[in-house]
Every structure is written in structure tokens, then in C-alpha cells.
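To be precise, the following lines are data_23.txt, and they hold compact mmCIF, C-alpha atoms.
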```
# COMPACT_ATOMS: atom_id res chain seq x y z
CA MET A 1 46.97 -218.01 -35.59
CA LEU A 2 47.06 -215.38 -32.83
CA THR A 3 43.28 -215.04 -32.80
CA TYR A 4 42.88 -218.80 -32.62
CA CYS A 5 45.32 -219.06 -29.69
CA LEU A 6 43.62 -216.25 -27.78
CA ARG A 7 40.22 -217.83 -28.32
CA ARG A 8 41.47 -221.18 -27.07
CA LEU A 9 43.17 -219.60 -24.05
CA LEU A 10 39.98 -217.77 -23.11
CA GLY A 11 38.16 -221.06 -23.37
CA LEU A 12 40.38 -222.49 -20.63
CA PHE A 13 38.71 -220.40 -17.94
CA PRO A 14 35.15 -221.78 -18.08
CA VAL A 15 36.45 -225.33 -18.39
CA GLY A 16 38.80 -224.90 -15.44
CA PHE A 17 36.13 -223.28 -13.31
CA GLY A 18 33.68 -226.04 -14.18
CA VAL A 19 36.16 -228.75 -13.26
CA VAL A 20 36.94 -227.07 -9.94
CA ALA A 21 33.23 -226.72 -9.16
CA ILE A 22 32.57 -230.43 -9.75
CA VAL A 23 35.62 -231.54 -7.77
CA SER A 24 34.86 -229.12 -4.93
CA LEU A 25 31.35 -230.46 -4.62
CA LEU A 26 32.46 -234.08 -4.72
CA ILE A 27 35.23 -233.71 -2.16
CA HIS A 28 32.93 -231.89 0.25
CA ILE A 29 30.24 -234.57 0.13
CA VAL A 30 32.71 -237.46 0.51
CA PRO A 31 32.64 -238.77 4.12
CA GLY A 32 35.46 -237.43 6.27
CA ASP A 33 36.48 -234.25 8.04
CA PRO A 34 39.88 -232.54 7.77
CA VAL A 35 39.47 -231.29 11.34
CA ASP A 36 39.45 -234.88 12.61
CA VAL A 37 42.64 -235.56 10.65
CA MET A 38 44.36 -232.44 11.99
CA LEU A 39 43.40 -232.78 15.66
CA GLY A 40 43.15 -236.53 16.00
CA ALA A 41 40.50 -238.75 17.50
CA TYR A 42 40.93 -237.50 21.09
CA ALA A 43 40.29 -233.79 20.48
CA THR A 44 37.40 -232.20 22.29
CA LEU A 45 34.28 -230.95 20.54
CA GLU A 46 35.13 -227.37 21.51
CA ASP A 47 38.56 -227.62 19.87
CA LYS A 48 37.04 -229.07 16.71
CA THR A 49 34.37 -226.38 16.56
CA ARG A 50 36.92 -223.62 17.06
CA LEU A 51 39.28 -224.96 14.38
CA ARG A 52 36.43 -225.52 11.95
CA ALA A 53 35.38 -221.89 12.39
CA ASP A 54 38.97 -220.65 11.97
CA LEU A 55 39.30 -222.57 8.70
CA GLY A 56 35.92 -221.45 7.42
CA LEU A 57 34.61 -225.01 7.27
CA ASP A 58 31.54 -224.20 9.33
CA ALA A 59 29.97 -222.31 6.40
CA PRO A 60 27.60 -224.08 3.97
CA ILE A 61 29.26 -225.87 1.07
CA PRO A 62 28.05 -223.39 -1.60
CA VAL A 63 29.47 -220.54 0.48
CA GLN A 64 32.82 -222.32 0.81
CA ILE A 65 32.98 -222.90 -2.93
CA ALA A 66 32.02 -219.28 -3.63
CA ASN A 67 34.74 -218.05 -1.25
CA TYR A 68 37.25 -220.25 -3.04
CA TYR A 69 36.24 -218.78 -6.39
CA ARG A 70 36.70 -215.25 -5.05
CA SER A 71 40.21 -216.13 -3.96
CA LEU A 72 40.86 -217.83 -7.27
CA MET A 73 39.98 -214.68 -9.20
CA THR A 74 42.88 -212.93 -7.46
CA GLY A 75 45.30 -215.76 -8.27
CA ASP A 76 45.20 -217.21 -4.77
CA LEU A 77 44.76 -221.00 -4.70
CA GLY A 78 44.26 -220.94 -0.96
CA THR A 79 46.23 -222.35 1.96
CA SER A 80 46.64 -226.04 2.60
CA LEU A 81 44.72 -227.17 5.67
CA ILE A 82 47.32 -229.80 6.57
CA TYR A 83 50.62 -228.21 5.51
CA ARG A 84 49.51 -224.68 6.51
CA GLU A 85 51.27 -223.06 3.56
CA PRO A 86 50.07 -221.68 0.23
CA VAL A 87 48.91 -224.28 -2.27
CA THR A 88 50.79 -222.41 -4.99
CA SER A 89 54.09 -223.06 -3.19
CA LEU A 90 53.31 -226.75 -2.75
CA ILE A 91 52.39 -227.16 -6.41
CA GLY A 92 55.46 -225.19 -7.48
CA ARG A 93 57.74 -227.62 -5.66
CA ARG A 94 55.97 -230.73 -6.93
CA ILE A 95 55.26 -229.92 -10.58
CA GLN A 96 58.85 -230.24 -11.81
CA PRO A 97 59.25 -233.93 -10.79
CA THR A 98 55.96 -234.76 -12.52
CA ILE A 99 57.00 -232.99 -15.74
CA GLU A 100 60.40 -234.69 -15.66
CA LEU A 101 58.79 -238.11 -15.24
CA ALA A 102 56.27 -237.47 -18.03
CA VAL A 103 58.99 -236.32 -20.44
CA CYS A 104 61.14 -239.37 -19.65
CA ALA A 105 58.15 -241.66 -20.15
CA LEU A 106 57.41 -240.01 -23.50
CA VAL A 107 61.03 -240.47 -24.60
CA VAL A 108 60.90 -244.15 -23.62
CA ALA A 109 57.63 -244.60 -25.49
CA LEU A 110 58.95 -242.96 -28.68
CA PHE A 111 62.23 -244.88 -28.48
CA ILE A 112 60.29 -248.17 -28.37
CA SER A 113 57.27 -247.44 -30.55
CA LEU A 114 58.75 -245.73 -33.62
CA PRO A 115 61.29 -248.46 -34.56
CA LEU A 116 58.77 -251.16 -33.65
CA GLY A 117 55.96 -249.64 -35.72
CA ILE A 118 58.18 -248.93 -38.73
CA TYR A 119 59.73 -252.40 -38.65
CA SER A 120 56.30 -254.02 -38.32
CA SER A 121 54.92 -252.10 -41.31
CA LEU A 122 57.88 -253.18 -43.45
CA ARG A 123 57.29 -256.82 -42.47
CA LYS A 124 53.53 -256.83 -42.90
CA GLY A 125 51.99 -260.28 -42.66
CA LYS A 126 55.21 -261.94 -41.49
CA TRP A 127 56.04 -263.37 -38.09
CA GLN A 128 57.99 -260.22 -37.16
CA ASP A 129 54.83 -258.19 -37.73
CA TYR A 130 52.71 -260.48 -35.57
CA GLY A 131 55.36 -260.56 -32.86
CA ALA A 132 55.70 -256.78 -32.74
CA MET A 133 51.96 -256.19 -32.62
CA GLY A 134 51.57 -258.94 -30.02
CA PHE A 135 54.08 -257.10 -27.86
CA ALA A 136 52.12 -253.88 -28.40
CA LEU A 137 48.88 -255.59 -27.42
CA LEU A 138 50.56 -256.88 -24.27
CA GLY A 139 51.67 -253.37 -23.40
CA ILE A 140 48.10 -252.10 -23.67
CA CYS A 141 46.67 -254.93 -21.55
CA VAL A 142 49.18 -254.71 -18.69
CA PRO A 143 48.13 -252.00 -16.18
CA ASN A 144 50.81 -249.82 -14.63
CA PHE A 145 49.75 -250.69 -11.08
CA TRP A 146 50.82 -254.27 -11.88
CA LEU A 147 53.79 -253.52 -14.12
CA GLY A 148 55.39 -251.11 -11.65
CA PRO A 149 55.67 -253.54 -8.70
CA LEU A 150 56.77 -256.27 -11.12
CA LEU A 151 59.64 -254.11 -12.39
CA VAL A 152 60.59 -253.28 -8.80
CA LEU A 153 60.67 -256.97 -7.83
CA LEU A 154 62.78 -257.91 -10.84
CA PHE A 155 65.19 -255.03 -11.42
CA SER A 156 65.45 -253.60 -7.91
CA LEU A 157 65.03 -256.42 -5.40
CA GLN A 158 66.29 -259.35 -7.47
CA LEU A 159 68.95 -257.81 -9.74
CA GLY A 160 69.67 -254.63 -7.77
CA TRP A 161 70.14 -252.55 -10.91
CA PHE A 162 67.89 -249.63 -10.01
CA PRO A 163 66.67 -248.00 -6.78
CA VAL A 164 63.33 -249.11 -5.40
CA SER A 165 61.73 -245.70 -5.00
CA GLU A 166 62.16 -241.94 -4.59
CA ARG A 167 63.67 -239.38 -6.96
CA GLY A 168 67.42 -239.11 -6.95
CA ALA A 169 70.07 -240.10 -9.48
CA LEU A 170 69.36 -240.69 -13.16
CA SER A 171 68.87 -244.40 -12.48
CA SER A 172 65.82 -243.61 -10.35
CA TYR A 173 63.97 -242.41 -13.48
CA VAL A 174 64.27 -245.70 -15.35
CA LEU A 175 61.61 -247.87 -13.72
CA PRO A 176 58.94 -245.14 -13.35
CA SER A 177 59.51 -244.08 -16.96
CA LEU A 178 59.17 -247.66 -18.18
CA THR A 179 56.03 -248.12 -16.12
CA MET A 180 54.37 -245.04 -17.61
CA GLY A 181 55.84 -245.35 -21.10
CA MET A 182 55.00 -248.97 -21.93
CA ALA A 183 51.28 -248.40 -22.43
CA LEU A 184 51.96 -245.32 -24.54
CA ALA A 185 54.58 -247.21 -26.56
CA ALA A 186 52.01 -249.88 -27.34
CA ILE A 187 49.51 -247.30 -28.60
CA LEU A 188 52.07 -245.39 -30.65
CA SER A 189 53.58 -248.51 -32.23
CA ARG A 190 50.19 -249.65 -33.53
CA MET A 191 49.39 -246.14 -34.74
CA THR A 192 52.80 -245.88 -36.46
CA ARG A 193 52.26 -249.19 -38.24
CA THR A 194 48.77 -248.24 -39.41
CA SER A 195 49.83 -244.79 -40.60
CA MET A 196 52.89 -246.17 -42.39
CA LEU A 197 50.84 -248.80 -44.24
CA GLU A 198 48.26 -246.21 -45.33
CA ASN A 199 50.91 -243.88 -46.75
CA MET A 200 52.88 -246.66 -48.44
CA ARG A 201 49.88 -247.21 -50.74
CA GLU A 202 49.78 -243.58 -51.90
CA ASP A 203 50.67 -242.49 -55.43
CA TYR A 204 53.53 -240.23 -54.34
CA VAL A 205 55.33 -243.25 -52.90
CA ARG A 206 55.09 -245.12 -56.21
CA THR A 207 56.31 -241.98 -57.96
CA ALA A 208 59.30 -241.69 -55.62
CA ARG A 209 60.21 -245.32 -56.30
CA ALA A 210 59.75 -244.85 -60.05
CA LYS A 211 62.26 -242.00 -59.96
CA GLY A 212 64.85 -244.45 -58.66
CA ASN A 213 65.06 -243.23 -55.07
CA PRO A 214 66.57 -245.79 -52.70
CA GLU A 215 64.09 -247.52 -50.40
CA PRO A 216 65.50 -245.90 -47.21
CA ILE A 217 64.95 -242.47 -48.77
CA VAL A 218 61.41 -243.39 -49.81
CA ILE A 219 60.55 -244.65 -46.33
CA GLY A 220 62.35 -241.97 -44.34
CA LYS A 221 61.71 -238.86 -46.40
CA HIS A 222 58.31 -239.53 -47.95
CA VAL A 223 56.40 -242.21 -46.02
CA LEU A 224 57.54 -241.49 -42.48
CA ARG A 225 57.21 -237.74 -42.83
CA ASN A 226 53.56 -237.98 -43.85
CA ALA A 227 52.85 -240.83 -41.46
CA ALA A 228 54.02 -238.64 -38.57
CA LEU A 229 51.07 -236.26 -38.91
CA PRO A 230 48.53 -238.36 -36.97
CA LEU A 231 51.26 -239.32 -34.54
CA VAL A 232 51.67 -235.67 -33.54
CA THR A 233 48.08 -235.59 -32.36
CA ILE A 234 48.37 -238.88 -30.48
CA VAL A 235 51.64 -237.88 -28.82
CA GLY A 236 50.23 -234.52 -27.75
CA LEU A 237 47.07 -235.97 -26.29
CA GLN A 238 48.90 -238.82 -24.60
CA PHE A 239 51.48 -236.46 -23.13
CA GLY A 240 48.63 -234.65 -21.43
CA VAL A 241 47.45 -238.00 -20.14
CA LEU A 242 50.95 -238.73 -18.84
CA LEU A 243 51.02 -235.44 -16.94
CA THR A 244 47.61 -235.92 -15.41
CA GLY A 245 47.70 -239.69 -15.04
CA ALA A 246 50.95 -240.19 -13.17
CA ILE A 247 49.18 -240.60 -9.84
CA ILE A 248 49.44 -244.38 -9.59
CA THR A 249 53.02 -244.51 -10.84
CA GLU A 250 54.14 -241.77 -8.47
CA ARG A 251 52.49 -243.60 -5.60
CA ILE A 252 54.23 -246.87 -6.45
CA PHE A 253 57.68 -245.31 -6.63
CA ASP A 254 57.13 -242.68 -3.91
CA TRP A 255 57.75 -239.97 -6.49
CA PRO A 256 57.45 -236.43 -5.06
CA GLY A 257 55.18 -235.08 -7.77
CA LEU A 258 51.69 -233.69 -8.16
CA GLY A 259 50.18 -237.17 -8.22
CA THR A 260 51.47 -237.95 -4.74
CA LEU A 261 50.47 -234.49 -3.55
CA ILE A 262 46.85 -234.82 -4.66
CA LEU A 263 46.61 -238.26 -3.06
CA GLU A 264 47.82 -236.76 0.21
CA GLY A 265 45.22 -234.02 -0.14
CA ILE A 266 42.42 -236.53 -0.78
CA TYR A 267 43.47 -238.72 2.14
CA ASN A 268 43.58 -235.75 4.53
CA ARG A 269 40.46 -234.06 3.07
CA ASP A 270 42.59 -231.03 2.30
CA TYR A 271 40.05 -229.17 0.17
CA PRO A 272 42.22 -226.28 -1.11
CA LEU A 273 45.08 -228.63 -1.96
CA VAL A 274 42.89 -231.01 -3.96
CA GLN A 275 41.17 -228.11 -5.72
CA GLY A 276 44.49 -226.51 -6.63
CA CYS A 277 45.98 -229.76 -7.94
CA VAL A 278 42.91 -230.53 -10.04
CA LEU A 279 42.96 -227.02 -11.47
CA MET A 280 46.63 -227.44 -12.36
CA PHE A 281 45.98 -230.83 -13.97
CA SER A 282 43.07 -229.54 -16.06
CA ALA A 283 44.95 -226.40 -17.15
CA THR A 284 48.00 -228.46 -18.09
CA TYR A 285 45.94 -230.89 -20.13
CA LEU A 286 44.16 -228.10 -22.00
CA LEU A 287 47.40 -226.23 -22.69
CA VAL A 288 49.03 -229.39 -24.04
CA ASN A 289 46.06 -229.90 -26.35
CA LEU A 290 46.39 -226.31 -27.57
CA ALA A 291 50.12 -226.79 -28.20
CA THR A 292 49.33 -230.00 -30.10
CA ASP A 293 46.89 -228.20 -32.38
CA ILE A 294 49.43 -225.47 -33.09
CA LEU A 295 52.19 -227.99 -33.76
CA TYR A 296 49.91 -229.96 -36.08
CA GLY A 297 49.31 -226.81 -38.09
CA LEU A 298 53.05 -226.14 -38.30
CA VAL A 299 53.83 -229.69 -39.42
CA ASP A 300 51.13 -229.67 -42.09
CA PRO A 301 50.74 -226.19 -43.67
CA ARG A 302 47.50 -227.33 -45.34
CA ILE A 303 45.77 -227.14 -41.95
CA LYS A 304 44.45 -223.67 -41.11
CA LEU A 305 43.94 -222.86 -37.44
CA SER A 306 41.03 -220.52 -37.94
CA ARG A 307 38.25 -222.16 -35.92
```

As C-alpha cells, please, write out the structure in this file.
Amino acid sequence: MLTYCLRRLLGLFPVGFGVVAIVSLLIHIVPGDPVDVMLGAYATLEDKTRLRADLGLDAPIPVQIANYYRSLMTGDLGTSLIYREPVTSLIGRRIQPTIELAVCALVVALFISLPLGIYSSLRKGKWQDYGAMGFALLGICVPNFWLGPLLVLLFSLQLGWFPVSERGALSSYVLPSLTMGMALAAILSRMTRTSMLENMREDYVRTARAKGNPEPIVIGKHVLRNAALPLVTIVGLQFGVLLTGAIITERIFDWPGLGTLILEGIYNRDYPLVQGCVLMFSATYLLVNLATDILYGLVDPRIKLSR
């Protein structure tokens, strides 16, 4: 187990460096100049040239990327061109709201999907089954950039139940969590139904029923426990997606997380900020995948983490 974890952790470095290289190249070739954003349209050419030299933006793109890698090897993510403070500090202040939102969205998704998937599997072929899976299909088809404003119009502007935007009281988490969690709930409910139906046909289930176990015990102790194995993988992978894919939702609800921060960096052509956020996103996604593999091995002792 320890050797496997160390090998996977060492594998994070080349992947992270490769992601940063691609993003650094793309953001440098995209039209736009951070100096124009910082000084405005009426700055003189001399002022722009001086600031560009001070920021090191007058060097060739490969040299800028190489300089960034040298700083990265020392743990320095650079200084934001717009905020004029270390990128590490900016990310440190913004990562907690993103994690909180992702966890709340995951809780919402599990709260909806598990009962829905279990109930649908127990009513296979009946109208309840078709209704539940139709709801799941709707959740997959509805994009969050449409669902979010719709929830705001209904529950904030019309009913006044929840705040429109920003992070504050517990009620401010409801609409963003629903927006992010609905698509995941749709995926998990269909996966739960499929996994439950596959395990209900196994011999150990017939044996448990033949021994006289009550149906709730058969479903809860035997079927659901084994059906949860593929769900662990899906939940782990999708939680990484929630962490790295909250950009649109955070923008809709003006959430002060990493998604909003990276959008600000892209808009202002803040190269170190975008590079630091992308590195954090990629590292988080890879670490979540590693944790999922470890958890899968703990849930099912038959799986050996030796590769």
C-alpha cells in the first residue's frame, strides 16, 4: 500500500508540470496583454514598456515559462500581476469556499440519488421506475448554466427563500449546491439502480433469502453493500470533477472560490494566477483519484493496490 501511494504521488509531478506547460503556452498565445489591463488604454508606450520589463513579460515565451518552472521548484507559485500579492495566498483564501461548495453538492447528490436509485431498482419495470429514471435523465440533460439562473429566479426573486448570490449564511449554500449536485445525482441514481439490479441476481442474494432473512436485511446488508463498490469509484471521480468544475456555478452565484479566481485571472491575462489555479486544480483532481483508489481497496479487500 505504501509503495503504491508513493508511486502514485511521484506520478503527480510530471502530470502537473505537463498541464502547467500546456496552459502556460495557451494563455500566452491568446490575444491580450496584462499590461494594457493594468495601465489602461491611455497609458504611454514608455510606461507600458517599463512595466512589461519590470514584470518580466518582455522575455520570449519559452524563457517566461522556464522562469516560472524554476520558481515552481522552490514552491513559489509567483506573484499575481493584478493583485500584486503571492498566488499562494490568493489560492489559500479561495480554496476553502470551493471545497465547502463541492462537499455540499456531493451531499445533495447522495441524498437524492441513493434513495432514488434503490427505490427504482425495487420497482423495476413499473411506472415508479420509469418516473425516477426520467427524472435522472432530465438532471443529466439540464446544464448548470441554465439550472442556476432558473433556481435564482424561482427561489430567490419570486419566493425569496434563499439569497441571490455570495457566500454567507447556511441558506446561501442551498442553490449553488443544488445547481452542482443535480447532474451528479442523476448519474449516481442510474448507477445505483444498475448496480443494485446486477447484485440482486447473484446467488448470495438467493441464499440470504432462503435462510429466511427479511427483505430489508437482504437489500441493506447484502445487495446494497456490494452494489456500493462501483459507486465509490464514481463518487470519487465525480467529486474531483465537482472541485475542478465549479467555475460556472461560482460565477453564477458570485461565489468567492477558485473558479471565480481563475476566471478573473483569465480575464486580466494574469499569467501566474491562472497557472497557479490550474496547477491546484490538476493536483486536487489527481489526489482525489488516488484517495478513491485507496478507499476502493479498503472497501473491497479482494482488490490489491500493487500496480

Please provide as a list of chain:residue names all residues within 12 Å of Val107 of chain A, with the sequence filter that same-chain residues fewer than 2 positions apart are discarded (counting all atoms listed in the file).
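The contact residues come out as A:Glu100, A:Leu101, A:Ala102, A:Val103, A:Cys104, A:Ala105, A:Ala109, A:Leu110, A:Phe111, A:Ile112, A:Ser113, A:Leu114, A:Tyr173, A:Val174, A:Ser177, A:Leu178, A:Met180, A:Gly181, A:Met182, A:Leu184, A:Ala185, A:Leu188, A:Val235, A:Phe239, A:Leu242.
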
Residue nearest Glu198 of chain A among A:Gln158, A:Ser121, A:Gln128, A:Ser80 (counting all atoms listed in the file)
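Comparing A:Gln158, A:Ser121, A:Gln128, A:Ser80 against Glu198 of chain A, the winner is A:Ser121.
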
With distances taken over only C-alpha atoms, which residue among A:Leu153, A:Arg201, A:Val218, A:Ile27 lies nearest Ile262 of chain A?
A:Ile27

What gap, in Å, lies between atom CA of Thr249 of chain A and atom CA of Glu264 of chain A?
14.5 Å

One decimal, in Å: what's the spacing between atom CA of Gly265 of chain A and atom CA of Glu46 of chain A?
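Interatomic distance here is 24.8 Å.
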
Among the residues A:Leu290, A:Ile266, A:Leu243, A:Leu279, the one that comes closest to Pro31 of chain A [using only C-alpha atoms]:
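For Pro31 of chain A, the nearest of the candidates is A:Ile266.
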
Contacts of Asn199 of chain A at 9 Å (only C-alpha atoms; same-chain gap of 5+ positions) as an NGL selection string:
:A and (194 or 204-205 or 222-224 or 226-227)

Same residues, C-alpha atoms, output as a compact mmCIF listing (two decimals), keeping the file's coordinate frame:
```
# COMPACT_ATOMS: atom_id res chain seq x y z
CA THR A 194 48.77 -248.24 -39.41
CA TYR A 204 53.53 -240.23 -54.34
CA VAL A 205 55.33 -243.25 -52.90
CA HIS A 222 58.31 -239.53 -47.95
CA VAL A 223 56.40 -242.21 -46.02
CA LEU A 224 57.54 -241.49 -42.48
CA ASN A 226 53.56 -237.98 -43.85
CA ALA A 227 52.85 -240.83 -41.46
```

Take atom CA of Gly148 of chain A and atom CA of Leu175 of chain A and report the distance between them in Å, one decimal.
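Going from atom CA of Gly148 of chain A over to atom CA of Leu175 of chain A, I get 7.3 Å.
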
Spatial sel., origin (59.0, -246.8, -37.9), limit 9 Å, only C-alpha atoms, listed as a VMD selection string:
chain A and resid 113 to 122 189 192 to 193 196 219 to 220 224

Among listed residues A:Thr284, A:His28, A:Gly257, A:Gly75, nearest Ala59 of chain A (using all atoms listed in the file):
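Between A:Thr284, A:His28, A:Gly257, A:Gly75, the residue approaching Ala59 of chain A most closely is A:His28.
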
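Among A:Leu197, A:Leu229, A:Val15, A:Ala186, the residue with the shortest atom-to-atom distance to Leu295 of chain A, counting all atoms listed in the file, is A:Leu229.
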
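Among A:Ala53, A:Ile187, A:Leu10, A:Thr3, the residue with the shortest atom-to-atom distance to Leu286 of chain A, counting all atoms listed in the file, is A:Leu10.
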
Would you compute the box with edges along x, y and z of the file around segment 164-178 of chain A, including every atom the file lists for it and 3 Å extra on each side, and give its centre and edge lengths in Å to one decimal, as JSON?
```
{"center_x": 64.5, "center_y": -244.1, "center_z": -11.4, "size_x": 17.1, "size_y": 16.0, "size_z": 19.6}
```

Could you list as a ChimeraX atom specification every residue that has an atom within 12 Å of (47.6, -235.5, -0.5), using the file's coordinates and counting all atoms listed in the file?
/A:34,80-83,87,90-91,94,247,251,256-278
